Amino acid sequence: MYYAMIDDSVAYIYDLFAIAGMLILSYNADKLSKYSNVSVLSNFKLGAKRQYIVAMAAICMVLPLFGIILAPHPQVYLKFSYFYMNEYSNTGVDYLYHRTIMKILTYISFAGMMVFYYLAKRNKKLYTYLVLILVTWVNGKRTLMVFMIAGILVIDFLKWDKHSRRYINRLIWKAIFFGIIIVGYYLFYNDKTGKSNFADDYLLYATYFSRMSNVKVSIYDLLNQGKMLQYPCQTLLYNLLFFIPRVLWEGKPYPYYKYFTSMYIMAFLIKLFLTCNFKLIYGLNLYPTWEFLDMWRHYIL
């Protein structure tokens, strides 16, 4: 990653890629501007089904609460972001439940929240913010909270009355308020968990928000004939055909982050072997080492 970030050729290509992306988005925005007053759901005739959809979305939103009640030890969720602030076993039933059942329930809650916020009446939207607090408390991570707030703002923008200046002013102030909430939560989260204290603000921005490092590593890998992917557009193929079960497609690609993480960790392990001295006593130290590497290879690749 270091070499990708300081390579001039990578920087030029990345800049051209960013400029091209902005020009394409600007062109399409101008082209579609005449449709700006058309609501996303204007072509759907919900009718009497609307109230049932809202009710189902409202139920989906509180599924994490039922998940807490049915958890092996519900008391762990009385502490904020328990699994990021306390010691736990990776094979413990509480952690496995949180990483499987609760993870799915929070994602369903997020989807229900977006549907509910779009369809519900204004006087019912306080329910959305209460569930947002609940999901943030249970999940604990910053990313999901940002996505929930961003989704709310996008929905407000889609429902924006283009002839109401008062509405746009309220939307701007709402965005500013949510921005303060996000920054405040980010600082609070870092203080409580100790995460992200390893780098300065610019590196944190490049890592967590811009994804610049990921793109530059990919460009660097292409320029230097790297082996991150087995063939070109492998991850794009996954994005297009992700719904095909892996049992039916043995050579199905993985998401990009799998290859990115694999390359990074394997490079770290190779460096570890080259810079450390290992003492071999009757082969006893070698076998556990390679067993460890084989475990990581199957887990990552």
# chains A, B, ... in the order shown; residues from 1 in each chain; ligands from 1

call {"tool": "residues_around", "arguments": {"residues": "Ile176 of chain A", "least_positions_apart": "6", "cutoff": "12 Å", "atoms": "only C-alpha atoms", "output": "ChimeraX atom specification"}}
result
/A:149-150,153,169-170,182-183

call {"tool": "select_by_dssp", "arguments": {"residues": "segment 3-149 of chain A", "states": "helix (DSSP H, G or I)", "output": "PyMOL selection string"}}
result
chain A and resi 3-6+8-31+33-35+49-61+63-69+74-78+82-85+93-119+122-124+126-139+142-149

call {"tool": "write_last_selection", "arguments": {"atoms": "C-alpha atoms", "output": "compact mmCIF listing (two decimals), in the first residue's frame"}}
result
# COMPACT_ATOMS: atom_id res chain seq x y z
CA TYR A 3 4.38 2.02 -2.66
CA ALA A 4 0.97 2.51 -4.28
CA MET A 5 0.39 5.73 -2.35
CA ILE A 6 3.72 7.31 -3.34
CA ASP A 8 3.58 9.09 -9.41
CA SER A 9 2.10 7.02 -12.25
CA VAL A 10 -0.58 5.69 -9.91
CA ALA A 11 -1.34 9.24 -8.74
CA TYR A 12 -1.82 10.51 -12.32
CA ILE A 13 -4.10 7.63 -13.28
CA TYR A 14 -6.10 7.99 -10.07
CA ASP A 15 -6.56 11.74 -10.68
CA LEU A 16 -7.75 11.10 -14.25
CA PHE A 17 -10.11 8.42 -12.94
CA ALA A 18 -11.55 10.83 -10.34
CA ILE A 19 -11.97 13.64 -12.91
CA ALA A 20 -13.67 11.29 -15.38
CA GLY A 21 -16.04 10.10 -12.66
CA MET A 22 -17.04 13.65 -11.73
CA LEU A 23 -17.56 14.61 -15.40
CA ILE A 24 -19.76 11.57 -16.03
CA LEU A 25 -21.85 12.26 -12.93
CA SER A 26 -22.20 15.95 -13.87
CA TYR A 27 -23.22 15.07 -17.43
CA ASN A 28 -25.88 12.62 -16.29
CA ALA A 29 -27.16 15.04 -13.65
CA ASP A 30 -27.68 17.74 -16.29
CA LYS A 31 -29.25 15.23 -18.64
CA SER A 33 -32.43 17.39 -14.44
CA LYS A 34 -35.74 17.69 -16.28
CA TYR A 35 -36.98 14.71 -14.28
CA LYS A 49 -51.31 -1.58 0.48
CA ARG A 50 -49.42 1.44 1.75
CA GLN A 51 -50.48 1.01 5.38
CA TYR A 52 -49.57 -2.69 5.35
CA ILE A 53 -46.14 -1.94 3.92
CA VAL A 54 -45.59 0.70 6.58
CA ALA A 55 -46.69 -1.75 9.29
CA MET A 56 -44.35 -4.48 8.03
CA ALA A 57 -41.48 -1.98 7.83
CA ALA A 58 -42.19 -0.86 11.39
CA ILE A 59 -42.01 -4.47 12.60
CA CYS A 60 -38.76 -5.07 10.74
CA MET A 61 -37.26 -2.01 12.41
CA LEU A 63 -36.28 -6.94 15.08
CA PRO A 64 -32.96 -6.17 16.86
CA LEU A 65 -34.98 -5.67 20.06
CA PHE A 66 -36.42 -9.18 19.74
CA GLY A 67 -32.89 -10.38 18.94
CA ILE A 68 -31.69 -8.95 22.25
CA ILE A 69 -34.48 -10.67 24.16
CA PRO A 74 -29.16 -10.41 26.79
CA GLN A 75 -27.31 -8.45 29.47
CA VAL A 76 -24.30 -7.96 27.18
CA TYR A 77 -26.41 -5.52 25.14
CA LEU A 78 -26.99 -3.34 28.17
CA TYR A 82 -20.06 -4.39 24.00
CA PHE A 83 -17.96 -6.33 21.48
CA TYR A 84 -15.76 -3.33 20.69
CA MET A 85 -15.09 -2.27 24.28
CA VAL A 93 -21.70 -18.16 21.84
CA ASP A 94 -22.37 -14.46 22.51
CA TYR A 95 -19.95 -13.24 19.84
CA LEU A 96 -21.10 -15.81 17.28
CA TYR A 97 -24.73 -14.84 17.92
CA HIS A 98 -23.84 -11.18 17.50
CA ARG A 99 -21.90 -11.79 14.26
CA THR A 100 -24.64 -13.92 12.69
CA ILE A 101 -28.18 -13.43 14.00
CA MET A 102 -27.86 -9.86 15.27
CA LYS A 103 -25.97 -8.75 12.17
CA ILE A 104 -28.77 -9.96 9.92
CA LEU A 105 -31.43 -8.40 12.14
CA THR A 106 -29.72 -4.99 12.12
CA TYR A 107 -29.51 -5.03 8.31
CA ILE A 108 -33.20 -5.94 8.05
CA SER A 109 -33.94 -3.13 10.50
CA PHE A 110 -31.97 -0.72 8.33
CA ALA A 111 -33.94 -1.69 5.22
CA GLY A 112 -37.23 -1.40 7.09
CA MET A 113 -36.19 2.00 8.43
CA MET A 114 -35.66 3.37 4.92
CA VAL A 115 -39.06 2.09 3.71
CA PHE A 116 -40.84 3.34 6.81
CA TYR A 117 -39.26 6.78 6.68
CA TYR A 118 -40.23 7.18 3.03
CA LEU A 119 -43.85 6.07 3.38
CA ARG A 122 -44.40 13.10 9.34
CA ASN A 123 -45.83 12.66 12.84
CA LYS A 124 -44.65 9.03 12.90
CA LEU A 126 -39.89 10.09 15.58
CA TYR A 127 -40.11 6.29 15.67
CA THR A 128 -37.34 6.21 13.03
CA TYR A 129 -34.92 8.16 15.21
CA LEU A 130 -35.64 5.97 18.25
CA VAL A 131 -34.83 2.86 16.21
CA LEU A 132 -31.71 4.57 14.85
CA ILE A 133 -30.48 4.99 18.43
CA LEU A 134 -31.35 1.35 19.22
CA VAL A 135 -29.50 -0.05 16.18
CA THR A 136 -26.47 2.17 16.84
CA TRP A 137 -26.37 1.00 20.45
CA VAL A 138 -26.57 -2.67 19.46
CA ASN A 139 -24.31 -2.56 16.41
CA ARG A 142 -19.83 4.02 12.95
CA THR A 143 -20.47 2.96 9.37
CA LEU A 144 -24.02 1.71 9.84
CA MET A 145 -25.00 4.85 11.71
CA VAL A 146 -23.64 7.03 8.88
CA PHE A 147 -25.57 4.99 6.31
CA MET A 148 -28.80 5.34 8.28
CA ILE A 149 -28.42 9.10 8.57

call {"tool": "closest_residue", "arguments": {"among": "A:Ile181, A:Tyr254, A:Leu203, A:Leu171", "to": "Leu158 of chain A", "atoms": "only C-alpha atoms"}}
result
A:Leu171
